[in-house]
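Chemist: Right, I'll just put the structure down here and ask away after.
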There are 2 protein chains.
Amino acid sequence: MIAAKYKDMLGAKSVIRELSEYATARGKEIGYENVFDYSLGNPSVPAPEKFRQAMVDLLEKCDPMALHGYSPSLGITSVKEKVAESLNKRFNMNYTYKHIFMTAGAAGAISHAVRAITVPGDEVLTFAPFFPEYHPYIDLSGAVLKVVPPNTETFQINFERFEDMLNENVMAVLINTPNNPSGIVYTKETLEKLAEIMTKRSEEYGHDIYLISDEPYREIVFADVEDIYVSKVYDNTISCYSYSKSLSIPGERIGYIAVNPSCSDAETIVNMCGQISRGIGHNCPSSIIQLAVAEVLYETSDLSVYETNMNLLYKELTDLGFTCVKPGGTFYIFPKALEEDAKIFCQKAKNYDLILVPGDSFGCPGYFRMAYCIDTEKVERSLAALRKFVEAEYR
Amino acid sequence: MIAAKYKDMLGAKSVIRELSEYATARGKEIGYENVFDYSLGNPSVPAPEKFRQAMVDLLEKCDPMALHGYSPSLGITSVKEKVAESLNKRFNMNYTYKHIFMTAGAAGAISHAVRAITVPGDEVLTFAPFFPEYHPYIDLSGAVLKVVPPNTETFQINFERFEDMLNENVMAVLINTPNNPSGIVYTKETLEKLAEIMTKRSEEYGHDIYLISDEPYREIVFADVEDIYVSKVYDNTISCYSYSKSLSIPGERIGYIAVNPSCSDAETIVNMCGQISRGIGHNCPSSIIQLAVAEVLYETSDLSVYETNMNLLYKELTDLGFTCVKPGGTFYIFPKALEEDAKIFCQKAKNYDLILVPGDSFGCPGYFRMAYCIDTEKVERSLAALRKFVEAEYR
Ligand SMILES: Cc1ncc(COP(=O)(O)O)c(C=O)c1O
Ligand SMILES: Cc1ncc(COP(=O)(O)O)c(C=O)c1O
């Protein structure tokens, strides 16, 4: 019998994907360079040359049996040792390879983390605005994702609503800083207050509440923004990392889980991830990709373009009168639409070949997301279209 | 709260893995060349040079953004087109890219297939002897794996017991031919009889019963053995393929699902796999590996060593008086132990540095598996150890 829960999902097409398909179709009509496609969070700068070189070297120098053989079920130990070392150096942590589990990107990391620390029916809280894929990541594991409404002043955490919604069925809190879609980086105060509340409630409920920290944008933090390593602030943290954005290799499906050594059951959680993999059929990321990434742990793509683009857009948007919190990182900005229904606003923007994503699916209606991982030259050209759109429709 | 179902699994160590670890440790003592390690099903011949060349070419010639970018959620269309074409040519099928879904090996393929066509509580039947990982693949999806006892005469299907166990809660039958651990290839008669029973019962129960055909050893079939493409015999077949063994790249995690175009809901099943991926966090195999494999669809590693090894072992085993069905493919052989408890038999064999795996975890106590994916030279040297073992312990 066809599983209805997945079949039903087929109807609900992703808004982002639909917009991106529209942009591609429109590009075929008028030339893709004339479509200001801010729909997709795909890196727009190439992978570092050193990554390419590491891949070629592995292919030329390694015994193919060792290179392409099965990884140990918890990932390649030498790779995990290097990952642990790089985190320790950078964030003054004390990970060993026993705290690291290699995954298929952040998606794989979150899928494993949630299965390790919840049982079906448990609640996981996240904060709007949030990445819409959190619904399948969490809900299809059997746990239930609940979304805390946004603090639209700052896009930091709405603590009042968080404290209301936190209850003894909540086994994990899922955060994402730097944030998709707001671009906001949680401050030290935000993280410390979050940790304080979670610690207090863990004691009150008599069970751990884990923090799943989704960090694919960890490397994309802008000038003068304080950048806190989440796991330093709360022991029961499972960091979920991805090389998709930092190395511009999202198709290669590589990332990891790093469980804070002071986390309850830290090594057990990593070992359980190996068991979870057997059930969801990953059995480790590609071995050559694991080995190649381990050679470039201190590299990133040239990420500076994202900050350049952000500054251009932020200036134009505020000049045009948009309410907009200035992003501290990522390649997203999340302004308030100029009419109540952001879906209508984004629909109208299409007439100016501006492809914007309404905030509704991010749990934040009335706002819209621009993914500015596109060429700066195109961002510059889009500013005139943006001005024209606003002046024609909202003046 | 730590998920007990995964935590409990930590206790039950895999017998195969334990034996393999023992072999490695013993190798450190006496030299690995002196340990006749028949424990692991790891390919022992290198990937074809053309695979390496395809990888290097992609790295040297492709735009890194296109090469390493996100795959479409159902896999790279051009890759799937080529896979469909190669199957059509070889097996006279009529697949299109719409019937193909790229996966992380056979493990990924089965994990998706079972979620698409069962709901929690549904039964899946498989036949002993069977690959022990079927338990996590199936049971952790929520469906329940039930094992039909073996036909130890031939290791074809025990139809009497199959017909007893088939009931209206069975939504899928999972087969593996060529088979791990028996090495047996199902005959045309076996497959036709299986199809006939399944068709009759589908009608009787008023719902489809799908055949999940696990085919990682499809390319390893020995001389004079008739090799049937399972999907030709039964329309409701989901073929699960892996390049792990045919190209000797098990660590790269690549394979696919091919849904018979005449299967009920064929294209829907593929589309559902895309949704299932969102929930179990794969989001397609590595993009460069997908593209590289598509360049070598008509290649395999030099697989001839496996047949050479099988012939050497089969002759020696039968000469020594073992009851043994001659393998038609794979790199496994599955003789009857010389005493009732195969665990004790394999324990004794260790004293002769022969690492054999008891059949118990394959659902077939009293038998043992030898994985002869090792150098022929070593197989030859092992024959004396085997003779010595048998003569000392059982004469
Ligand atoms: C917040 C967030 N989490 C997770 C992911 C998934 O990342 P990956 O491609 O590494 O699985 C994304 C991708 O866009 C993201 O934006
Ligand atoms: C019968 C069988 N099915 C599935 C698998 C898993 O294959 P993969 O590594 O492609 O996931 C194996 C691996 O040994 C196997 O023997």
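Letters A, B, ... mark the chains of the structure tokens in the order given; residue numbers begin at 1 per chain; ligand numbers begin at 1, in order shown.
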Select all residues from chain B having any atom no more than 7 Å from an atom of chain A (counting only C-alpha atoms, ignoring ligands), output as a tab-separated table (two decimals) with N, CA and C atoms, in the first residue's frame.

Modeler:
chain	number	residue	atom	x	y	z
B	1	MET	N	15.29	12.81	25.62
B	1	MET	CA	15.47	11.46	26.16
B	1	MET	C	16.12	10.62	25.08
B	2	ILE	N	17.21	9.99	25.42
B	2	ILE	CA	17.91	9.13	24.48
B	2	ILE	C	16.96	8.04	23.95
B	3	ALA	N	16.94	7.87	22.63
B	3	ALA	CA	16.01	6.91	22.03
B	3	ALA	C	16.46	5.49	22.31
B	6	TYR	N	17.57	2.74	19.57
B	6	TYR	CA	18.91	2.77	18.97
B	6	TYR	C	19.98	2.44	20.01
B	7	LYS	N	19.73	2.91	21.25
B	7	LYS	CA	20.70	2.66	22.31
B	7	LYS	C	20.83	1.16	22.55
B	9	MET	N	20.50	-1.15	20.49
B	9	MET	CA	21.24	-1.79	19.40
B	9	MET	C	22.74	-1.80	19.66
B	10	LEU	N	23.19	-0.84	20.49
B	10	LEU	CA	24.64	-0.73	20.71
B	10	LEU	C	25.20	-2.00	21.34
B	46	PRO	N	40.31	-3.60	-7.63
B	46	PRO	CA	40.16	-2.14	-7.67
B	46	PRO	C	39.05	-1.67	-8.61
B	47	ALA	N	38.59	-0.45	-8.38
B	47	ALA	CA	37.64	0.19	-9.30
B	47	ALA	C	38.29	0.26	-10.68
B	52	ARG	N	38.19	6.16	-12.35
B	52	ARG	CA	39.12	7.17	-11.87
B	52	ARG	C	39.25	8.29	-12.90
B	56	VAL	N	38.52	12.36	-12.56
B	56	VAL	CA	39.53	13.39	-12.82
B	56	VAL	C	39.04	14.33	-13.93
B	59	LEU	N	36.58	16.78	-12.63
B	59	LEU	CA	37.23	17.80	-11.80
B	59	LEU	C	38.01	18.79	-12.65
B	64	PRO	N	32.98	24.19	-11.44
B	64	PRO	CA	32.76	23.62	-10.10
B	64	PRO	C	31.36	23.88	-9.54
B	65	MET	N	30.75	24.97	-9.95
B	65	MET	CA	29.41	25.29	-9.43
B	65	MET	C	28.39	24.28	-9.95
B	68	HIS	N	29.47	20.61	-8.40
B	68	HIS	CA	29.25	20.35	-6.97
B	68	HIS	C	27.95	20.94	-6.45
B	69	GLY	N	27.09	21.47	-7.35
B	69	GLY	CA	25.84	22.08	-6.91
B	69	GLY	C	24.83	21.04	-6.45
B	70	TYR	N	23.77	21.52	-5.77
B	70	TYR	CA	22.68	20.62	-5.37
B	70	TYR	C	22.15	19.86	-6.59
B	71	SER	N	21.93	18.56	-6.46
B	71	SER	CA	21.18	17.80	-7.47
B	71	SER	C	19.72	18.20	-7.38
B	104	ALA	N	21.95	6.31	-2.06
B	104	ALA	CA	23.21	5.97	-1.40
B	104	ALA	C	23.32	4.43	-1.33
B	107	ALA	N	21.66	0.06	0.33
B	107	ALA	CA	21.08	0.40	1.63
B	107	ALA	C	20.10	1.56	1.48
B	108	GLY	N	20.54	2.60	0.79
B	108	GLY	CA	19.67	3.75	0.55
B	108	GLY	C	18.46	3.36	-0.29
B	111	SER	N	15.99	1.41	1.85
B	111	SER	CA	15.40	2.31	2.85
B	111	SER	C	14.30	3.17	2.24
B	115	ARG	N	9.86	2.50	2.66
B	115	ARG	CA	9.04	3.60	3.17
B	115	ARG	C	7.96	4.02	2.17
B	116	ALA	N	8.24	3.83	0.88
B	116	ALA	CA	7.26	4.24	-0.13
B	116	ALA	C	6.05	3.31	-0.14
B	117	ILE	N	6.26	2.04	0.13
B	117	ILE	CA	5.19	1.07	-0.13
B	117	ILE	C	4.66	0.37	1.12
B	118	THR	N	5.13	0.77	2.29
B	118	THR	CA	4.55	0.20	3.50
B	118	THR	C	4.21	1.32	4.47
B	119	VAL	N	3.35	1.03	5.40
B	119	VAL	CA	3.13	1.92	6.55
B	119	VAL	C	3.51	1.11	7.79
B	136	PRO	N	17.71	-3.93	10.26
B	136	PRO	CA	17.60	-2.47	10.44
B	136	PRO	C	16.94	-1.78	9.24
B	137	TYR	N	17.26	-2.19	8.01
B	137	TYR	CA	16.65	-1.50	6.85
B	137	TYR	C	15.12	-1.50	6.98
B	140	LEU	N	13.54	-0.57	11.18
B	140	LEU	CA	13.61	0.82	11.64
B	140	LEU	C	12.75	1.75	10.79
B	141	SER	N	12.17	1.23	9.71
B	141	SER	CA	11.21	2.04	8.94
B	141	SER	C	9.83	1.98	9.58
B	171	MET	N	2.96	-6.44	2.53
B	171	MET	CA	2.89	-5.45	1.44
B	171	MET	C	4.07	-5.59	0.49
B	207	HIS	N	-4.97	-5.94	-2.75
B	207	HIS	CA	-3.96	-4.87	-2.79
B	207	HIS	C	-2.68	-5.40	-3.44
B	208	ASP	N	-1.89	-4.46	-3.94
B	208	ASP	CA	-0.62	-4.85	-4.55
B	208	ASP	C	0.33	-5.44	-3.52
B	249	ILE	N	33.30	0.32	-5.40
B	249	ILE	CA	33.31	1.66	-4.78
B	249	ILE	C	32.28	1.74	-3.65
B	250	PRO	N	32.31	0.77	-2.71
B	250	PRO	CA	31.26	0.75	-1.68
B	250	PRO	C	31.26	2.00	-0.80
B	251	GLY	N	32.42	2.61	-0.60
B	251	GLY	CA	32.48	3.81	0.24
B	251	GLY	C	31.86	5.03	-0.42
B	252	GLU	N	31.68	4.98	-1.74
B	252	GLU	CA	31.14	6.17	-2.42
B	252	GLU	C	29.62	6.26	-2.33
B	253	ARG	N	28.97	5.21	-1.87
B	253	ARG	CA	27.53	5.23	-1.58
B	253	ARG	C	26.70	5.65	-2.79
B	272	MET	N	7.67	9.98	-4.63
B	272	MET	CA	7.61	9.83	-3.17
B	272	MET	C	9.00	9.64	-2.59
B	275	GLN	N	10.39	12.77	-1.52
B	275	GLN	CA	9.84	13.26	-0.26
B	275	GLN	C	10.44	12.49	0.92
B	276	ILE	N	10.59	11.19	0.74
B	276	ILE	CA	11.17	10.35	1.80
B	276	ILE	C	12.57	10.84	2.14
B	278	ARG	N	13.73	13.79	2.04
B	278	ARG	CA	13.69	14.99	2.88
B	278	ARG	C	13.58	14.60	4.34
B	279	GLY	N	12.92	13.48	4.60
B	279	GLY	CA	12.69	13.06	5.98
B	279	GLY	C	13.84	12.25	6.56
B	280	ILE	N	14.60	11.58	5.71
B	280	ILE	CA	15.68	10.77	6.26
B	280	ILE	C	17.04	11.36	5.90
B	281	GLY	N	17.00	12.55	5.31
B	281	GLY	CA	18.20	13.37	5.23
B	281	GLY	C	19.28	12.94	4.25
B	282	HIS	N	18.92	12.27	3.17
B	282	HIS	CA	19.95	11.98	2.17
B	282	HIS	C	20.09	13.15	1.21
B	286	SER	N	26.21	11.94	-3.62
B	286	SER	CA	27.17	12.95	-4.08
B	286	SER	C	27.02	13.21	-5.57
B	287	SER	N	27.01	14.49	-5.95
B	287	SER	CA	26.78	14.82	-7.36
B	287	SER	C	27.92	14.36	-8.26
B	288	ILE	N	29.17	14.54	-7.82
B	288	ILE	CA	30.27	14.12	-8.70
B	288	ILE	C	30.27	12.60	-8.87

Chemist: Go through segment 199-286 of chain B and collect every residue that DSSP, computed from the backbone, puts in alpha helix (DSSP H); the answer should be as a list in words.

Modeler: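 Going through segment 199-286 of chain B, the alpha helix (DSSP H) residues come out as Thr199, Lys200, Arg201, Ser202, Glu203, Glu204, Tyr205, Ala266, Glu267, Thr268, Ile269, Val270, Asn271, Met272, Cys273, Gly274, Gln275, Ile276, Ser277, Arg278, Gly279 and Ile280 of chain B.
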
Chemist: For a quick check of understanding, using only C-alpha atoms, which of B:Leu312, B:Ala266, B:Leu174, B:Ile157 has the smallest distance to Val124 of chain B?

Modeler: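 Closest to Val124 of chain B of all the choices is B:Leu174.
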
Chemist: At what distance in Å, to one decimal, does atom CA of Lys50 of chain A lie from atom CA of His99 of chain A?

Modeler: 26.7 Å

Chemist: Excluding segment 350-359 of chain A and any residue of its chain fewer than 2 positions from it, enumerate the residues within 8 Å of it, using only C-alpha atoms, and give them as JSON, numbers by chain.

Modeler: {"A": [15, 16, 19, 20, 23, 34, 35, 36, 37, 38, 39, 129, 334, 342, 343, 345, 346, 347, 348, 361, 362, 363, 364, 365, 366, 367, 368, 369, 370, 382, 385, 386, 388, 389]}

Chemist: Would you save the residues from that selection as a compact mmCIF listing (two decimals), in the first residue's frame, using N, CA, C and O atoms?

Modeler:
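Result went into part32.txt, see below:
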# COMPACT_ATOMS: atom_id res chain seq x y z
N VAL A 15 7.23 26.29 -2.25
CA VAL A 15 7.08 27.63 -2.82
C VAL A 15 8.40 28.08 -3.45
O VAL A 15 8.43 28.65 -4.54
N ILE A 16 9.49 27.83 -2.73
CA ILE A 16 10.80 28.26 -3.22
C ILE A 16 11.12 27.60 -4.55
O ILE A 16 11.53 28.23 -5.51
N LEU A 19 9.07 29.05 -7.39
CA LEU A 19 9.56 30.36 -7.81
C LEU A 19 10.83 30.20 -8.63
O LEU A 19 11.03 30.89 -9.63
N SER A 20 11.68 29.29 -8.19
CA SER A 20 12.93 29.07 -8.91
C SER A 20 12.67 28.51 -10.30
O SER A 20 13.31 28.89 -11.29
N ALA A 23 11.54 31.32 -12.40
CA ALA A 23 12.68 32.17 -12.79
C ALA A 23 13.42 31.55 -13.98
O ALA A 23 13.81 32.25 -14.92
N ASN A 34 18.57 38.73 -17.20
CA ASN A 34 17.57 39.78 -16.94
C ASN A 34 16.56 39.43 -15.87
O ASN A 34 15.65 40.21 -15.58
N VAL A 35 16.70 38.22 -15.32
CA VAL A 35 15.80 37.82 -14.22
C VAL A 35 16.57 37.97 -12.91
O VAL A 35 17.66 37.41 -12.76
N PHE A 36 16.03 38.75 -12.00
CA PHE A 36 16.70 38.98 -10.72
C PHE A 36 16.22 37.92 -9.75
O PHE A 36 15.28 38.12 -8.98
N ASP A 37 16.88 36.77 -9.85
CA ASP A 37 16.40 35.57 -9.17
C ASP A 37 16.99 35.48 -7.76
O ASP A 37 18.12 35.03 -7.58
N TYR A 38 16.20 35.92 -6.79
CA TYR A 38 16.62 35.88 -5.39
C TYR A 38 15.96 34.71 -4.66
O TYR A 38 15.74 34.77 -3.45
N SER A 39 15.62 33.66 -5.41
CA SER A 39 14.82 32.60 -4.78
C SER A 39 15.64 31.55 -4.02
O SER A 39 15.26 31.14 -2.93
N PRO A 129 11.70 33.34 12.26
CA PRO A 129 11.57 32.63 10.98
C PRO A 129 12.52 31.45 10.92
O PRO A 129 13.62 31.53 11.46
N PHE A 334 15.76 39.71 5.03
CA PHE A 334 14.36 39.36 5.29
C PHE A 334 13.55 40.61 5.64
O PHE A 334 13.15 40.81 6.79
N ALA A 342 2.42 39.26 2.05
CA ALA A 342 3.70 39.19 1.33
C ALA A 342 3.59 38.33 0.08
O ALA A 342 4.37 38.48 -0.87
N LYS A 343 2.62 37.45 0.04
CA LYS A 343 2.44 36.62 -1.16
C LYS A 343 2.02 37.50 -2.35
O LYS A 343 2.52 37.34 -3.45
N PHE A 345 2.55 40.74 -2.50
CA PHE A 345 3.72 41.60 -2.75
C PHE A 345 4.72 40.89 -3.69
O PHE A 345 5.17 41.46 -4.69
N CYS A 346 5.04 39.64 -3.38
CA CYS A 346 6.03 38.91 -4.19
C CYS A 346 5.47 38.61 -5.59
O CYS A 346 6.22 38.56 -6.57
N GLN A 347 4.15 38.40 -5.65
CA GLN A 347 3.51 38.17 -6.94
C GLN A 347 3.68 39.40 -7.83
O GLN A 347 4.06 39.29 -9.00
N LYS A 348 3.44 40.57 -7.25
CA LYS A 348 3.59 41.82 -8.02
C LYS A 348 5.05 42.03 -8.45
O LYS A 348 5.32 42.52 -9.55
N SER A 361 6.14 30.60 4.43
CA SER A 361 6.62 29.24 4.68
C SER A 361 7.78 29.23 5.68
O SER A 361 8.16 28.18 6.18
N PHE A 362 8.32 30.40 5.99
CA PHE A 362 9.35 30.49 7.04
C PHE A 362 8.71 30.79 8.40
O PHE A 362 9.41 31.10 9.36
N GLY A 363 7.40 30.76 8.44
CA GLY A 363 6.71 31.00 9.71
C GLY A 363 6.63 32.48 10.06
O GLY A 363 6.49 32.84 11.22
N CYS A 364 6.71 33.34 9.04
CA CYS A 364 6.76 34.78 9.31
C CYS A 364 6.06 35.56 8.20
O CYS A 364 6.72 36.22 7.39
N PRO A 365 4.73 35.47 8.16
CA PRO A 365 3.99 36.14 7.10
C PRO A 365 4.21 37.65 7.16
O PRO A 365 4.49 38.19 8.23
N GLY A 366 4.10 38.30 5.99
CA GLY A 366 4.27 39.74 5.96
C GLY A 366 5.70 40.16 5.64
O GLY A 366 5.97 41.32 5.39
N TYR A 367 6.61 39.20 5.63
CA TYR A 367 8.02 39.46 5.29
C TYR A 367 8.37 38.69 4.03
O TYR A 367 7.59 37.85 3.57
N PHE A 368 9.52 39.01 3.46
CA PHE A 368 9.96 38.25 2.29
C PHE A 368 11.46 38.03 2.36
O PHE A 368 12.18 38.81 2.98
N ARG A 369 11.90 36.94 1.71
CA ARG A 369 13.33 36.61 1.73
C ARG A 369 13.97 36.89 0.38
O ARG A 369 13.40 36.58 -0.67
N MET A 370 15.15 37.49 0.43
CA MET A 370 15.99 37.59 -0.77
C MET A 370 17.26 36.80 -0.50
O MET A 370 17.96 37.07 0.47
N SER A 382 19.76 44.93 -10.22
CA SER A 382 18.42 44.68 -9.67
C SER A 382 17.90 45.87 -8.87
O SER A 382 16.69 46.00 -8.66
N ALA A 385 15.40 47.89 -10.69
CA ALA A 385 14.12 47.17 -10.79
C ALA A 385 13.34 47.28 -9.49
O ALA A 385 12.11 47.47 -9.47
N LEU A 386 14.07 47.17 -8.38
CA LEU A 386 13.45 47.25 -7.06
C LEU A 386 12.81 48.64 -6.87
O LEU A 386 11.67 48.77 -6.44
N LYS A 388 11.94 50.75 -9.20
CA LYS A 388 10.82 50.91 -10.13
C LYS A 388 9.57 50.23 -9.57
O LYS A 388 8.47 50.80 -9.58
N PHE A 389 9.76 49.02 -9.09
CA PHE A 389 8.65 48.24 -8.50
C PHE A 389 8.00 49.01 -7.35
O PHE A 389 6.78 49.22 -7.33

Chemist: At a cut-off of 9 Å, using only C-alpha atoms, what residues contact Pro178 of chain A? Leave out same-chain residues fewer than 4 positions from it and give the result as a PyMOL selection string.

Modeler: chain A and resi 182-186+214-221+227+327-330
